[in-house]
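So this one's final_28.pdb, PDB, C-alpha atoms:
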ATOM      1  CA  MET A   1       4.361  -9.099  19.306
ATOM      2  CA  SER A   2       8.106  -9.023  18.733
ATOM      3  CA  ARG A   3       9.696  -6.519  16.395
ATOM      4  CA  ARG A   4      10.526  -9.231  13.867
ATOM      5  CA  THR A   5       6.994 -10.639  13.917
ATOM      6  CA  GLU A   6       5.562  -7.139  13.516
ATOM      7  CA  PHE A   7       7.815  -6.461  10.513
ATOM      8  CA  ILE A   8       6.902  -9.761   8.846
ATOM      9  CA  ALA A   9       3.175  -9.239   9.505
ATOM     10  CA  LEU A  10       3.280  -5.729   8.027
ATOM     11  CA  LEU A  11       5.285  -6.941   5.038
ATOM     12  CA  VAL A  12       2.883  -9.819   4.314
ATOM     13  CA  ALA A  13      -0.154  -7.557   4.749
ATOM     14  CA  ASP A  14       1.364  -4.964   2.412
ATOM     15  CA  VAL A  15       2.288  -7.506  -0.264
ATOM     16  CA  LEU A  16      -1.186  -9.054  -0.241
ATOM     17  CA  SER A  17      -2.875  -5.644  -0.243
ATOM     18  CA  LEU A  18      -0.700  -4.301  -3.054
ATOM     19  CA  PHE A  19      -1.287  -7.400  -5.149
ATOM     20  CA  ALA A  20      -5.057  -7.033  -4.648
ATOM     21  CA  ALA A  21      -4.873  -3.317  -5.512
ATOM     22  CA  HIS A  22      -2.943  -4.045  -8.708
ATOM     23  CA  GLN A  23      -5.413  -6.753  -9.683
ATOM     24  CA  LEU A  24      -8.343  -4.406  -9.060
ATOM     25  CA  TRP A  25      -6.735  -1.580 -11.051
ATOM     26  CA  HIS A  26      -5.850  -3.937 -13.922
ATOM     27  CA  LEU A  27      -9.395  -5.267 -14.010
ATOM     28  CA  ALA A  28     -10.853  -1.733 -13.991
ATOM     29  CA  ARG A  29      -8.532  -0.512 -16.745
ATOM     30  CA  PHE A  30      -8.381  -3.474 -19.096
ATOM     31  CA  GLY A  31     -11.360  -5.629 -18.137
ATOM     32  CA  TRP A  32     -14.089  -3.089 -17.441
ATOM     33  CA  GLN A  33     -12.422  -0.305 -19.515
ATOM     34  CA  TRP A  34     -13.463   2.406 -17.063
ATOM     35  CA  PHE A  35     -10.702   4.740 -18.276
ATOM     36  CA  GLY A  36     -11.359   4.545 -21.998
ATOM     37  CA  ALA A  37     -10.405   1.870 -24.446
ATOM     38  CA  PRO A  38      -6.773   0.876 -23.854
ATOM     39  CA  THR A  39      -4.407   1.129 -26.781
ATOM     40  CA  TYR A  40      -2.808  -2.195 -25.876
ATOM     41  CA  GLN A  41      -3.608  -5.265 -23.826
ATOM     42  CA  PRO A  42      -0.636  -6.533 -21.816
ATOM     43  CA  GLU A  43       0.039 -10.217 -22.255
ATOM     44  CA  VAL A  44       2.229 -10.695 -19.184
ATOM     45  CA  VAL A  45       0.525  -9.215 -16.135
ATOM     46  CA  PHE A  46       2.415 -10.767 -13.240
ATOM     47  CA  LEU A  47       5.814  -9.232 -13.991
ATOM     48  CA  PRO A  48       4.514  -5.634 -13.710
ATOM     49  CA  PHE A  49       2.686  -6.605 -10.508
ATOM     50  CA  PHE A  50       5.928  -7.854  -8.969
ATOM     51  CA  VAL A  51       7.841  -4.776 -10.123
ATOM     52  CA  LEU A  52       5.159  -2.418  -8.778
ATOM     53  CA  THR A  53       4.998  -4.314  -5.491
ATOM     54  CA  ALA A  54       8.785  -4.045  -5.129
ATOM     55  CA  PHE A  55       8.519  -0.311  -5.911
ATOM     56  CA  TRP A  56       5.880   0.210  -3.215
ATOM     57  CA  LEU A  57       7.720  -1.847  -0.590
ATOM     58  CA  THR A  58      10.915   0.098  -1.271
ATOM     59  CA  LEU A  59       9.022   3.377  -1.003
ATOM     60  CA  PHE A  60       7.355   2.306   2.262
ATOM     61  CA  PHE A  61      10.722   1.270   3.686
ATOM     62  CA  PHE A  62      12.368   4.524   2.532
ATOM     63  CA  PHE A  63       9.671   6.642   4.202
ATOM     64  CA  GLY A  64       9.827   4.678   7.466
ATOM     65  CA  MET A  65       6.540   2.831   7.303
ATOM     66  CA  TYR A  66       8.175  -0.277   8.813
ATOM     67  CA  ARG A  67       9.678   1.427  11.872
ATOM     68  CA  GLU A  68       8.320   0.633  15.303
ATOM     69  CA  ARG A  69       5.443   2.871  16.292
ATOM     70  CA  TYR A  70       5.241   2.837  20.065
ATOM     71  CA  ALA A  71       2.813   5.669  20.761
ATOM     72  CA  ALA A  72       1.600   6.515  17.272
ATOM     73  CA  SER A  73      -2.074   6.006  16.658
ATOM     74  CA  ARG A  74      -3.583   4.178  13.722
ATOM     75  CA  PHE A  75      -4.847   7.527  12.419
ATOM     76  CA  ASP A  76      -1.276   8.904  12.357
ATOM     77  CA  GLU A  77      -0.184   5.841  10.426
ATOM     78  CA  LEU A  78      -3.018   6.323   7.917
ATOM     79  CA  VAL A  79      -2.020   9.966   7.377
ATOM     80  CA  SER A  80       1.589   8.913   6.778
ATOM     81  CA  LEU A  81       0.394   6.178   4.442
ATOM     82  CA  ALA A  82      -1.756   8.629   2.467
ATOM     83  CA  LYS A  83       1.257  10.907   1.958
ATOM     84  CA  VAL A  84       3.522   8.080   0.838
ATOM     85  CA  VAL A  85       0.897   6.661  -1.538
ATOM     86  CA  LEU A  86       0.313  10.105  -3.039
ATOM     87  CA  ILE A  87       4.036  10.578  -3.656
ATOM     88  CA  GLY A  88       4.347   7.080  -5.131
ATOM     89  CA  VAL A  89       1.317   7.421  -7.404
ATOM     90  CA  LEU A  90       2.505  10.787  -8.700
ATOM     91  CA  ALA A  91       5.972   9.366  -9.355
ATOM     92  CA  LEU A  92       4.502   6.399 -11.235
ATOM     93  CA  PHE A  93       2.171   8.655 -13.181
ATOM     94  CA  PHE A  94       4.921  10.979 -14.358
ATOM     95  CA  LEU A  95       7.308   8.138 -15.125
ATOM     96  CA  LEU A  96       4.933   5.732 -16.868
ATOM     97  CA  PHE A  97       1.527   7.054 -17.773
ATOM     98  CA  VAL A  98       1.841  10.742 -18.580
ATOM     99  CA  ASP A  99       1.943  10.231 -22.364
ATOM    100  CA  THR A 100      -0.369   7.239 -22.756
ATOM    101  CA  LEU A 101      -3.675   8.591 -21.443
ATOM    102  CA  ASP A 102      -5.821  11.566 -22.348
ATOM    103  CA  PRO A 103      -6.303  14.175 -19.559
ATOM    104  CA  PHE A 104      -9.714  13.014 -18.308
ATOM    105  CA  ASP A 105      -8.810   9.343 -18.333
ATOM    106  CA  ALA A 106      -5.463  10.106 -16.685
ATOM    107  CA  ARG A 107      -7.129  11.864 -13.735
ATOM    108  CA  SER A 108      -9.701   9.153 -13.187
ATOM    109  CA  ASN A 109      -7.072   6.437 -13.626
ATOM    110  CA  LEU A 110      -4.772   8.161 -11.159
ATOM    111  CA  LEU A 111      -7.536   8.653  -8.593
ATOM    112  CA  PHE A 112      -8.725   5.050  -8.877
ATOM    113  CA  TYR A 113      -5.201   3.651  -8.505
ATOM    114  CA  TRP A 114      -4.511   5.911  -5.505
ATOM    115  CA  LEU A 115      -7.765   4.862  -3.834
ATOM    116  CA  ALA A 116      -7.168   1.166  -4.511
ATOM    117  CA  VAL A 117      -3.635   1.210  -3.110
ATOM    118  CA  PHE A 118      -4.481   3.415  -0.130
ATOM    119  CA  VAL A 119      -7.683   1.656   0.934
ATOM    120  CA  LEU A 120      -6.351  -1.885   0.611
ATOM    121  CA  VAL A 121      -2.962  -1.204   2.232
ATOM    122  CA  ALA A 122      -4.658   0.789   5.005
ATOM    123  CA  ALA A 123      -7.066  -2.084   5.635
ATOM    124  CA  GLY A 124      -4.176  -4.545   5.903
ATOM    125  CA  ARG A 125      -2.270  -2.298   8.280
ATOM    126  CA  ILE A 126      -5.333  -1.674  10.449
ATOM    127  CA  VAL A 127      -5.816  -5.430  10.781
ATOM    128  CA  VAL A 128      -2.177  -5.910  11.847
ATOM    129  CA  ARG A 129      -2.325  -3.012  14.337
ATOM    130  CA  SER A 130      -5.647  -4.231  15.750
ATOM    131  CA  VAL A 131      -4.198  -7.697  16.321
ATOM    132  CA  GLN A 132      -1.215  -6.054  18.030
ATOM    133  CA  LYS A 133      -3.486  -4.053  20.308
ATOM    134  CA  TRP A 134      -5.579  -7.131  21.092
ATOM    135  CA  LEU A 135      -2.424  -9.070  22.046
ATOM    136  CA  ILE A 136      -1.195  -6.241  24.278
ATOM    137  CA  LEU A 137      -4.560  -6.045  26.044
ATOM    138  CA  ARG A 138      -4.337  -9.799  26.680
ATOM    139  CA  GLY A 139      -0.888  -9.352  28.271
ATOM    140  CA  HIS A 140       1.337 -10.606  25.444
ATOM    141  CA  GLY A 141       4.499  -8.645  24.692
ATOM    142  CA  LEU A 142       4.539  -6.693  27.947
ATOM    143  CA  HIS A 143       7.808  -6.170  29.811
ATOM    144  CA  ARG A 144       8.211  -5.816  33.540
ATOM    145  CA  ALA A 145      10.130  -2.734  34.582
ATOM    146  CA  LEU A 146      11.422  -1.404  37.854
ATOM    147  CA  ILE A 147      11.755   2.354  38.117
ATOM    148  CA  VAL A 148      14.267   3.512  40.710
ATOM    149  CA  GLY A 149      14.547   7.141  41.609
TER     150      GLY A 149
END

Write out the structure in this file as C-alpha cells.
Amino acid sequence: MSRRTEFIALLVADVLSLFAAHQLWHLARFGWQWFGAPTYQPEVVFLPFFVLTAFWLTLFFFFGMYRERYAASRFDELVSLAKVVLIGVLALFFLLFVDTLDPFDARSNLLFYWLAVFVLVAAGRIVVRSVQKWLILRGHGLHRALIVG
C-alpha cells in the first residue's frame, strides 16, 4: 500500500469512526438520557459533529498518528491512540462541558465519550492495518533491494 493510499485509508477510517462515535454519544446523552436530563436539546447536530471531527483529525495529525509506522505494532498504535484520545477528551471537557454537568454526570459522560471515540477509532485503524498486513503477505508493496557490502 503506498504512503498516499495509507494516509487516505486512515483518514477515511478515522472520519467514519469519529462520526459514529459522535452519533453514539449524542444518542446516549440526548436520546437515552444516560447522563441526566439535558438542560437543552440541540437543534443543529451536524455542525458540532463536523467541528469535533476536524478537532480530532487536527489532534491526530499534531500527535503524529498519520506518520508511517514501519515496525510499530498495532498494540503500540493503540497505546498512542489512547493517549491522544485522553488528551483530546480532557481538553474538550475543560473547554466545553466543565460548567454544564454535575460531577457524577460529568464523569460518566466523559468516560462514555472517551470509550466511544477510542473503541471506534481503534477498530477502524485495526481494520486498515490488517488490510495492510494482508497485502504485504500477498506480496503487494514490497521493494526489491540489493545489499552490497

For this session: Kindly extract all protein, DNA and RNA residues lying within 12 Å of the coordinates (-8.3, 9.2, -6.9) given in the file, considering all atoms listed in the file, and supply them as an NGL selection string.
Result: :A and (25 or 82 or 85-86 or 89-90 or 105-119)

For this session: Excluding Phe60 of chain A and any residue of its chain fewer than 5 positions from it, enumerate the residues within 10 Å of it, using all atoms listed in the file, and give them as an MDAnalysis selection string.
Result: chainID A and resid 11 14 54:55 65:67 80:81 84:85 88

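Note that atom CA of Phe75 of chain A and atom CA of Arg3 of chain A are 20.6 Å apart.
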
For this session: Give as a list of chain:residue names each residue that has an atom at most 8 Å from (1.6, -9.3, 12.8) in the file, counting all atoms listed in the file.
Result: A:Met1, A:Thr5, A:Glu6, A:Phe7, A:Ile8, A:Ala9, A:Leu10, A:Val128, A:Arg129, A:Val131, A:Gln132

Exercise. Can you list, as a PyMOL selection string, every protein, DNA or RNA residue that comes within 8 Å of Phe49 of chain A when you count only C-alpha atoms, leaving out same-chain residues fewer than 3 positions away?
Worked result: chain A and resi 19+22+45-46+52-53

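Of note, atom CA of Leu24 of chain A and atom CA of Lys133 of chain A are spaced 29.8 Å apart.
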
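Take atom CA of Val79 of chain A and atom CA of Leu142 of chain A: the distance between them is 27.3 Å.
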
Exercise. Using all atoms listed in the file, which of A:Leu137, A:Ile87, A:Leu120, A:Val127 sits nearest Gln23 of chain A?
Worked result: A:Leu120
